[in-house]
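Peer 1: Below is run.txt; it holds compact mmCIF, C-alpha atoms.
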```txt
# COMPACT_ATOMS: atom_id res chain seq x y z
CA MET V 1 15.11 -13.96 -11.54
CA ARG V 2 12.84 -15.93 -9.23
CA LYS V 3 12.42 -19.67 -9.60
CA PHE V 4 9.38 -21.25 -8.01
CA GLU V 5 10.89 -24.55 -6.94
CA ASP V 6 10.55 -25.64 -3.33
CA THR V 7 13.03 -28.48 -2.84
CA TYR V 8 13.61 -30.77 0.15
CA ARG V 9 16.63 -28.57 0.94
CA HIS V 10 14.46 -25.45 1.03
CA LYS V 11 11.93 -27.22 3.25
CA GLY V 12 14.71 -28.36 5.59
CA LEU V 13 16.16 -24.85 5.85
CA ARG V 14 12.67 -23.49 6.51
CA LYS V 15 12.09 -26.01 9.28
CA LYS V 16 15.36 -24.90 10.93
CA LEU V 17 14.30 -21.27 10.62
CA VAL V 18 10.99 -22.04 12.33
CA GLU V 19 12.89 -23.62 15.24
CA VAL V 20 15.12 -20.50 15.52
CA VAL V 21 12.01 -18.29 15.65
CA ARG V 22 10.37 -20.63 18.18
CA ASP V 23 13.50 -20.49 20.38
CA LYS V 24 13.28 -16.68 20.35
CA GLY V 25 9.86 -16.86 22.00
CA ILE V 26 7.22 -17.23 19.28
CA THR V 27 4.61 -19.64 20.67
CA ASP V 28 1.61 -19.26 18.33
CA GLU V 29 1.50 -22.54 16.41
CA HIS V 30 -0.63 -20.99 13.62
CA VAL V 31 2.09 -18.40 13.00
CA LEU V 32 4.86 -21.01 13.08
CA LYS V 33 2.93 -23.23 10.66
CA ALA V 34 2.47 -20.32 8.23
CA LEU V 35 6.24 -19.63 8.36
CA ASN V 36 6.90 -23.30 7.69
CA ASP V 37 4.37 -23.52 4.84
CA LEU V 38 5.38 -20.36 2.93
CA PRO V 39 8.57 -20.52 0.80
CA ARG V 40 10.37 -17.28 1.74
CA HIS V 41 12.90 -17.75 -1.08
CA PHE V 42 10.10 -17.14 -3.60
CA PHE V 43 10.05 -13.51 -2.38
CA MET V 44 13.76 -12.93 -3.08
CA ASP V 45 16.00 -13.16 -6.10
CA SER V 46 17.06 -16.79 -6.66
CA ALA V 47 20.71 -15.72 -6.20
CA PHE V 48 19.89 -15.40 -2.49
CA ASP V 49 18.35 -18.83 -1.93
CA GLU V 50 20.58 -19.56 1.07
CA LYS V 51 20.04 -16.10 2.61
CA ALA V 52 16.27 -16.56 2.47
CA TYR V 53 16.31 -18.88 5.49
CA GLU V 54 18.57 -16.81 7.70
CA ASP V 55 16.67 -14.93 10.39
CA LYS V 56 17.60 -11.57 8.89
CA ALA V 57 16.02 -8.69 6.99
CA PHE V 58 17.21 -8.32 3.40
CA PRO V 59 17.12 -5.38 0.93
CA ILE V 60 14.51 -5.67 -1.85
CA GLY V 61 15.00 -2.29 -3.59
CA GLU V 62 13.41 1.16 -3.27
CA GLY V 63 15.05 1.53 0.15
CA GLN V 64 12.83 -1.28 1.53
CA THR V 65 13.55 -4.68 3.04
CA ILE V 66 11.92 -8.07 3.35
CA SER V 67 11.47 -8.18 7.12
CA GLN V 68 13.33 -10.53 9.42
CA PRO V 69 11.23 -13.71 9.86
CA TYR V 70 11.25 -13.27 13.65
CA THR V 71 9.86 -9.73 13.25
CA VAL V 72 7.13 -10.98 10.89
CA ALA V 73 6.23 -13.73 13.37
CA TYR V 74 6.33 -11.31 16.34
CA GLN V 75 3.96 -8.79 14.76
CA THR V 76 1.65 -11.55 13.49
CA GLN V 77 1.51 -13.20 16.92
CA LEU V 78 0.61 -9.87 18.58
CA LEU V 79 -2.13 -9.33 16.01
CA GLN V 80 -3.88 -12.61 17.00
CA VAL V 81 -5.04 -13.24 13.43
CA LYS V 82 -8.01 -15.51 12.86
CA ALA V 83 -9.30 -17.01 9.62
CA PHE V 84 -11.65 -14.76 7.60
CA GLU V 85 -10.73 -11.59 9.52
CA LYS V 86 -10.28 -8.44 7.42
CA VAL V 87 -6.72 -7.21 7.92
CA LEU V 88 -5.39 -3.91 6.62
CA GLU V 89 -1.62 -4.00 6.09
CA ILE V 90 0.34 -0.78 5.66
CA GLY V 91 3.54 -1.34 3.66
CA THR V 92 3.31 -4.32 1.30
CA GLY V 93 7.05 -4.37 0.54
CA SER V 94 7.97 -7.83 -0.72
CA ALA V 95 4.42 -9.10 0.10
CA TYR V 96 5.92 -11.79 2.37
CA GLN V 97 4.02 -10.53 5.44
CA ALA V 98 0.79 -10.26 3.41
CA ALA V 99 1.25 -13.86 2.24
CA ILE V 100 1.81 -15.05 5.84
CA LEU V 101 -1.50 -13.42 6.84
CA ALA V 102 -3.24 -14.92 3.79
CA THR V 103 -1.78 -18.36 4.56
CA MET V 104 -3.44 -18.04 7.98
CA GLY V 105 -6.78 -17.44 6.24
CA ALA V 106 -7.12 -13.68 6.67
CA GLN V 107 -8.67 -11.40 4.05
CA VAL V 108 -5.73 -9.06 3.43
CA TYR V 109 -5.95 -5.50 2.10
CA THR V 110 -2.39 -4.23 1.64
CA ILE V 111 -1.20 -0.74 0.69
CA GLU V 112 2.18 0.09 -0.88
CA ARG V 113 3.30 3.68 -1.53
CA GLN V 114 6.22 2.72 -3.82
CA LYS V 115 4.83 2.31 -7.34
CA LYS V 116 7.69 0.00 -8.45
CA LEU V 117 7.09 -2.42 -5.56
CA PHE V 118 3.32 -2.29 -6.13
CA ASP V 119 3.80 -3.13 -9.83
CA LEU V 120 6.27 -5.93 -9.00
CA ASN V 121 3.76 -7.56 -6.66
CA ARG V 122 0.93 -7.21 -9.16
CA GLY V 123 3.07 -9.14 -11.65
CA PHE V 124 4.33 -11.72 -9.12
CA SER V 125 2.73 -14.94 -10.41
CA PHE V 126 3.07 -16.89 -7.13
CA LEU V 127 0.76 -14.41 -5.38
CA LYS V 128 -2.07 -15.30 -7.74
CA LYS V 129 -2.65 -18.37 -5.56
CA TYR V 130 -3.87 -15.94 -2.86
CA PRO V 131 -7.21 -14.50 -4.01
CA ASN V 132 -7.59 -13.33 -0.40
CA ILE V 133 -4.91 -10.62 -0.88
CA LYS V 134 -5.99 -7.32 -2.47
CA PHE V 135 -3.22 -4.91 -3.46
CA PHE V 136 -3.52 -1.11 -3.39
CA TYR V 137 -1.16 1.70 -4.41
CA GLY V 138 -1.63 4.57 -2.01
CA ASP V 139 -0.80 6.49 1.15
CA GLY V 140 -0.84 4.24 4.21
CA TYR V 141 -1.74 7.12 6.52
CA GLU V 142 -5.07 7.41 4.65
CA GLY V 143 -5.87 3.68 4.89
CA LEU V 144 -8.76 2.33 2.81
CA PRO V 145 -11.95 4.01 4.04
CA THR V 146 -13.97 2.41 1.22
CA TYR V 147 -13.22 -1.08 2.60
CA ALA V 148 -13.40 -0.24 6.31
CA PRO V 149 -14.04 -1.28 8.98
CA PHE V 150 -11.20 -3.77 9.54
CA ASP V 151 -10.80 -6.38 12.27
CA LYS V 152 -7.06 -5.79 12.44
CA VAL V 153 -4.48 -3.28 11.17
CA LEU V 154 -0.78 -4.10 10.79
CA ILE V 155 1.80 -1.38 10.12
CA THR V 156 5.14 -2.69 8.86
CA ALA V 157 7.05 0.62 8.97
CA ALA V 158 8.05 2.93 11.81
CA ALA V 159 5.16 5.30 12.50
CA PRO V 160 6.10 8.53 14.33
CA PHE V 161 2.55 8.66 15.75
CA ILE V 162 -0.55 6.46 15.80
CA PRO V 163 -2.35 7.32 12.52
CA PRO V 164 -5.84 8.58 13.54
CA LYS V 165 -7.50 7.63 10.23
CA LEU V 166 -6.41 4.01 10.75
CA ILE V 167 -7.92 3.99 14.24
CA ASP V 168 -11.15 5.30 12.68
CA GLN V 169 -11.12 2.38 10.20
CA LEU V 170 -10.74 -0.22 12.96
CA LYS V 171 -13.81 -2.07 14.24
CA PRO V 172 -14.70 -1.72 17.93
CA GLY V 173 -12.81 -4.59 19.57
CA GLY V 174 -10.25 -4.54 16.75
CA MET V 175 -6.46 -4.38 17.15
CA MET V 176 -3.62 -2.51 15.50
CA VAL V 177 0.04 -3.56 15.78
CA LEU V 178 2.74 -1.04 14.87
CA PRO V 179 6.34 -0.06 15.61
CA LEU V 180 5.95 3.42 17.16
CA GLY V 181 8.66 6.07 17.19
CA GLY V 182 10.49 8.45 14.89
CA GLY V 183 14.06 7.52 15.84
CA GLU V 184 16.24 4.57 14.85
CA VAL V 185 14.58 2.30 17.43
CA GLN V 186 10.84 1.86 17.89
CA ARG V 187 8.66 0.24 20.52
CA MET V 188 6.27 -2.39 19.25
CA MET V 189 2.76 -1.42 20.28
CA ARG V 190 -0.62 -3.11 20.27
CA ILE V 191 -3.60 -0.79 20.22
CA THR V 192 -7.05 -2.19 21.01
CA LYS V 193 -10.08 -0.10 20.08
CA LEU V 194 -12.59 -0.53 22.88
CA GLU V 195 -16.35 -0.67 22.33
CA SER V 196 -16.55 2.89 23.72
CA GLY V 197 -14.20 4.12 20.99
CA ALA V 198 -11.37 4.69 23.48
CA ILE V 199 -8.05 2.93 22.85
CA LYS V 200 -5.95 0.68 25.07
CA GLU V 201 -2.20 0.72 24.46
CA GLU V 202 0.19 -2.14 25.20
CA VAL V 203 3.97 -1.72 24.86
CA PHE V 204 6.30 -4.55 23.85
CA ASP V 205 9.91 -4.97 22.66
CA ASN V 206 12.20 -2.63 20.72
CA PHE V 207 12.63 -3.04 16.94
CA SER V 208 14.11 -1.08 14.06
CA PHE V 209 11.98 -0.46 10.95
CA VAL V 210 12.25 1.78 7.89
CA PRO V 211 10.16 4.94 8.40
CA MET V 212 6.48 5.15 7.45
CA LEU V 213 6.26 8.01 4.95
CA GLU V 214 3.27 10.04 3.84
CA GLY V 215 2.02 10.27 0.28
CA LYS V 216 2.77 8.08 -2.74
CA ASN V 217 6.06 7.63 -4.57
CA THR V 218 5.99 7.13 -8.34
```
Could you show the structure in this file as structure tokens?
Peer 2:
Amino acid sequence: MRKFEDTYRHKGLRKKLVEVVRDKGITDEHVLKALNDLPRHFFMDSAFDEKAYEDKAFPIGEGQTISQPYTVAYQTQLLQVKAFEKVLEIGTGSAYQAAILATMGAQVYTIERQKKLFDLNRGFSFLKKYPNIKFFYGDGYEGLPTYAPFDKVLITAAAPFIPPKLIDQLKPGGMMVLPLGGGEVQRMMRITKLESGAIKEEVFDNFSFVPMLEGKNT
């Protein structure tokens, strides 16, 4: 059961975590501030309070994980999020990444294909303090055409290819960050949609994510 108590100990552990992430090369102060401001232990069972501030991924059920804080920070830094931007997130999971984006002032539209995780997040009382997060149950490969175009798209699962419908839903000048590859290791990519409609690809470090699957899972 989750307890929503953020003690001095939690804040101290979080501050140490932020320094670990900074030492690994995260330089965006807005990202680091969001990590420091958001209680990660709220997104995990209270039995794992201590684990919440280790720089590690952690299972959350349905074969999914709450991402490693460094990975969350890395993707967020690449995305260059600004306040009031519309961000489409594929793979809500624990909703920790969505809450980081919302803490930074983004308007977040997040899709989860696992019905149990979607329902858990809809009932997660702490998230009600973020009216700038909208939750959707659906297929991430389809995106949200009704709400497009988006300034940014963030994929938090390993995509075997760049989803064309998500490129279509990106504004000219917009960016998508995703781990690309079908194997156990993916390359982090940043795709920029140019004004002409062409795309520019940038390749970054290797990561390991759970696979991005098609369809919905009840």
Peer 1: Measuring between all atoms listed in the file, which one of V:Thr103, V:Ser94, V:Thr192, V:Thr65 shows the shortest distance to Leu35 (chain V)?
Peer 2: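 Among the listed residues, V:Thr103 lies closest to Leu35 (chain V).
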Peer 1: Which of these residues is nearest to Asn132 (chain V), using all atoms listed in the file: V:Ala83, V:Arg113, V:Ser67, V:Asp119?
Peer 2: V:Ala83
Peer 1: Which one is closest to Pro160 (chain V): V:Glu142, V:Leu213, V:Ala148, V:Tyr53? Count all atoms listed in the file.
Peer 2: V:Leu213
Peer 1: For CA of Thr92 (chain V) and CA of Tyr147 (chain V), quote the distance in Å rounded to one decimal.
Peer 2: 16.9 Å
Peer 1: Using only C-alpha atoms, determine which residues lie at most 9 Å from Arg40 (chain V), disregarding the query and same-chain residues fewer than 2 positions distant; provide the list as JSON, numbers by chain.
Peer 2: {"V": [14, 35, 38, 42, 43, 44, 49, 52, 53, 69, 96]}
Peer 1: V:Thr76, V:Asn217, V:Thr146, V:Gln64: which is nearest Gln169 (chain V), counting only C-alpha atoms?
Peer 2: V:Thr146
Peer 1: Give me, please, the distance in Å between CA of Val185 (chain V) and CA of Phe58 (chain V), quoted to one decimal.
Peer 2: 17.8 Å
Peer 1: What's around Leu13 (chain V) at 12 Å? Count only C-alpha atoms, leave out sequence neighbours fewer than 5 positions away in its own chain, and write the answer as a PDB file with C-alpha atoms, in the coordinates of the input.
Peer 2:
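As a result, out-v9.pdb now contains:
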```pdb
ATOM      1  CA  ASP V   6      10.550 -25.640  -3.330  1.00  0.00           C
ATOM      2  CA  THR V   7      13.030 -28.480  -2.840  1.00  0.00           C
ATOM      3  CA  TYR V   8      13.610 -30.770   0.150  1.00  0.00           C
ATOM      4  CA  VAL V  18      10.990 -22.040  12.330  1.00  0.00           C
ATOM      5  CA  GLU V  19      12.890 -23.620  15.240  1.00  0.00           C
ATOM      6  CA  VAL V  20      15.120 -20.500  15.520  1.00  0.00           C
ATOM      7  CA  LEU V  35       6.240 -19.630   8.360  1.00  0.00           C
ATOM      8  CA  ASN V  36       6.900 -23.300   7.690  1.00  0.00           C
ATOM      9  CA  ASP V  37       4.370 -23.520   4.840  1.00  0.00           C
ATOM     10  CA  PRO V  39       8.570 -20.520   0.800  1.00  0.00           C
ATOM     11  CA  ARG V  40      10.370 -17.280   1.740  1.00  0.00           C
ATOM     12  CA  HIS V  41      12.900 -17.750  -1.080  1.00  0.00           C
ATOM     13  CA  ASP V  49      18.350 -18.830  -1.930  1.00  0.00           C
ATOM     14  CA  GLU V  50      20.580 -19.560   1.070  1.00  0.00           C
ATOM     15  CA  LYS V  51      20.040 -16.100   2.610  1.00  0.00           C
ATOM     16  CA  ALA V  52      16.270 -16.560   2.470  1.00  0.00           C
ATOM     17  CA  TYR V  53      16.310 -18.880   5.490  1.00  0.00           C
ATOM     18  CA  GLU V  54      18.570 -16.810   7.700  1.00  0.00           C
ATOM     19  CA  ASP V  55      16.670 -14.930  10.390  1.00  0.00           C
TER      20      ASP V  55
END
```
Peer 1: Would you compute the distance between CA of Ala34 (chain V) and CA of Met104 (chain V)? Give it in Å to one decimal.
Peer 2: 6.3 Å
Peer 1: Residues at most 10 Å from region 84-88 of chain V, counting only C-alpha atoms, excluding those fewer than 6 positions away in the same chain, as a PyMOL selection string?
Peer 2: chain V and resi 98+101-102+104-111+132-134+140+143-144+147-155+166+169-171+174-176
Peer 1: Any chance you could work out the axis-aligned box around region 176-194 of chain V, listed atoms only, 3 Å on each side, giving centre and edge lengths in Å to one decimal, as AutoDock Vina command-line options?
Peer 2:
```
--center_x 1.8 --center_y 2.4 --center_z 18.9 --size_x 34.8 --size_y 18.0 --size_z 14.0
```
Peer 1: Counting only C-alpha atoms, figure out which residue out of V:Val21, V:Ala73, V:Ala198, V:Ala157 gets nearest to Ile100 (chain V).
Peer 2: V:Ala73
Peer 1: With distances taken over all atoms listed in the file, which residue among V:Ile66, V:Arg190, V:Lys129, V:Gln80 lies nearest Val210 (chain V)?
Peer 2: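 Checking each candidate against Val210 (chain V), we get V:Ile66 as the closest.
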Peer 1: Some atoms are missing, so please complete region 73-89 of chain V with N, CA, C and O atoms and return it as a PDB file, keeping the file's coordinate frame.
Peer 2:
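This is the output file part37.pdb:
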```
ATOM      1  N   ALA V  73       6.930 -12.836  12.440  1.00  0.00           N
ATOM      2  CA  ALA V  73       6.230 -13.730  13.370  1.00  0.00           C
ATOM      3  C   ALA V  73       5.781 -12.970  14.622  1.00  0.00           C
ATOM      4  O   ALA V  73       4.673 -13.177  15.127  1.00  0.00           O
ATOM      5  N   TYR V  74       6.629 -12.069  15.119  1.00  0.00           N
ATOM      6  CA  TYR V  74       6.330 -11.310  16.340  1.00  0.00           C
ATOM      7  C   TYR V  74       5.104 -10.424  16.131  1.00  0.00           C
ATOM      8  O   TYR V  74       4.159 -10.440  16.932  1.00  0.00           O
ATOM      9  N   GLN V  75       5.108  -9.674  15.032  1.00  0.00           N
ATOM     10  CA  GLN V  75       3.960  -8.790  14.760  1.00  0.00           C
ATOM     11  C   GLN V  75       2.682  -9.618  14.534  1.00  0.00           C
ATOM     12  O   GLN V  75       1.608  -9.252  15.011  1.00  0.00           O
ATOM     13  N   THR V  76       2.824 -10.712  13.808  1.00  0.00           N
ATOM     14  CA  THR V  76       1.650 -11.550  13.490  1.00  0.00           C
ATOM     15  C   THR V  76       1.081 -12.169  14.758  1.00  0.00           C
ATOM     16  O   THR V  76      -0.141 -12.223  14.943  1.00  0.00           O
ATOM     17  N   GLN V  77       1.966 -12.616  15.655  1.00  0.00           N
ATOM     18  CA  GLN V  77       1.510 -13.200  16.920  1.00  0.00           C
ATOM     19  C   GLN V  77       0.755 -12.161  17.758  1.00  0.00           C
ATOM     20  O   GLN V  77      -0.310 -12.458  18.314  1.00  0.00           O
ATOM     21  N   LEU V  78       1.294 -10.939  17.819  1.00  0.00           N
ATOM     22  CA  LEU V  78       0.610  -9.870  18.580  1.00  0.00           C
ATOM     23  C   LEU V  78      -0.757  -9.548  18.006  1.00  0.00           C
ATOM     24  O   LEU V  78      -1.686  -9.192  18.735  1.00  0.00           O
ATOM     25  N   LEU V  79      -0.885  -9.694  16.685  1.00  0.00           N
ATOM     26  CA  LEU V  79      -2.130  -9.330  16.010  1.00  0.00           C
ATOM     27  C   LEU V  79      -3.261 -10.337  16.255  1.00  0.00           C
ATOM     28  O   LEU V  79      -4.436 -10.024  16.054  1.00  0.00           O
ATOM     29  N   GLN V  80      -2.875 -11.562  16.682  1.00  0.00           N
ATOM     30  CA  GLN V  80      -3.880 -12.610  17.000  1.00  0.00           C
ATOM     31  C   GLN V  80      -4.840 -12.838  15.821  1.00  0.00           C
ATOM     32  O   GLN V  80      -6.070 -12.783  15.981  1.00  0.00           O
ATOM     33  N   VAL V  81      -4.259 -13.097  14.671  1.00  0.00           N
ATOM     34  CA  VAL V  81      -5.040 -13.240  13.430  1.00  0.00           C
ATOM     35  C   VAL V  81      -5.880 -14.506  13.445  1.00  0.00           C
ATOM     36  O   VAL V  81      -5.400 -15.576  13.813  1.00  0.00           O
ATOM     37  N   LYS V  82      -7.123 -14.352  13.016  1.00  0.00           N
ATOM     38  CA  LYS V  82      -8.010 -15.510  12.860  1.00  0.00           C
ATOM     39  C   LYS V  82      -8.473 -15.590  11.409  1.00  0.00           C
ATOM     40  O   LYS V  82      -8.505 -14.573  10.704  1.00  0.00           O
ATOM     41  N   ALA V  83      -8.820 -16.805  10.985  1.00  0.00           N
ATOM     42  CA  ALA V  83      -9.300 -17.010   9.620  1.00  0.00           C
ATOM     43  C   ALA V  83     -10.500 -16.112   9.340  1.00  0.00           C
ATOM     44  O   ALA V  83     -11.349 -15.901  10.219  1.00  0.00           O
ATOM     45  N   PHE V  84     -10.548 -15.589   8.134  1.00  0.00           N
ATOM     46  CA  PHE V  84     -11.650 -14.760   7.600  1.00  0.00           C
ATOM     47  C   PHE V  84     -11.689 -13.327   8.154  1.00  0.00           C
ATOM     48  O   PHE V  84     -12.553 -12.550   7.762  1.00  0.00           O
ATOM     49  N   GLU V  85     -10.762 -12.981   9.066  1.00  0.00           N
ATOM     50  CA  GLU V  85     -10.730 -11.590   9.520  1.00  0.00           C
ATOM     51  C   GLU V  85     -10.230 -10.687   8.391  1.00  0.00           C
ATOM     52  O   GLU V  85      -9.385 -11.084   7.586  1.00  0.00           O
ATOM     53  N   LYS V  86     -10.756  -9.458   8.368  1.00  0.00           N
ATOM     54  CA  LYS V  86     -10.280  -8.440   7.420  1.00  0.00           C
ATOM     55  C   LYS V  86      -9.094  -7.728   8.055  1.00  0.00           C
ATOM     56  O   LYS V  86      -9.243  -7.109   9.118  1.00  0.00           O
ATOM     57  N   VAL V  87      -7.945  -7.830   7.397  1.00  0.00           N
ATOM     58  CA  VAL V  87      -6.720  -7.210   7.920  1.00  0.00           C
ATOM     59  C   VAL V  87      -6.222  -6.174   6.930  1.00  0.00           C
ATOM     60  O   VAL V  87      -6.021  -6.472   5.752  1.00  0.00           O
ATOM     61  N   LEU V  88      -6.003  -4.968   7.413  1.00  0.00           N
ATOM     62  CA  LEU V  88      -5.390  -3.910   6.620  1.00  0.00           C
ATOM     63  C   LEU V  88      -3.902  -3.881   6.939  1.00  0.00           C
ATOM     64  O   LEU V  88      -3.513  -3.717   8.104  1.00  0.00           O
ATOM     65  N   GLU V  89      -3.078  -4.066   5.910  1.00  0.00           N
ATOM     66  CA  GLU V  89      -1.620  -4.000   6.090  1.00  0.00           C
ATOM     67  C   GLU V  89      -1.099  -2.724   5.442  1.00  0.00           C
ATOM     68  O   GLU V  89      -1.412  -2.441   4.286  1.00  0.00           O
TER      69      GLU V  89
END
```
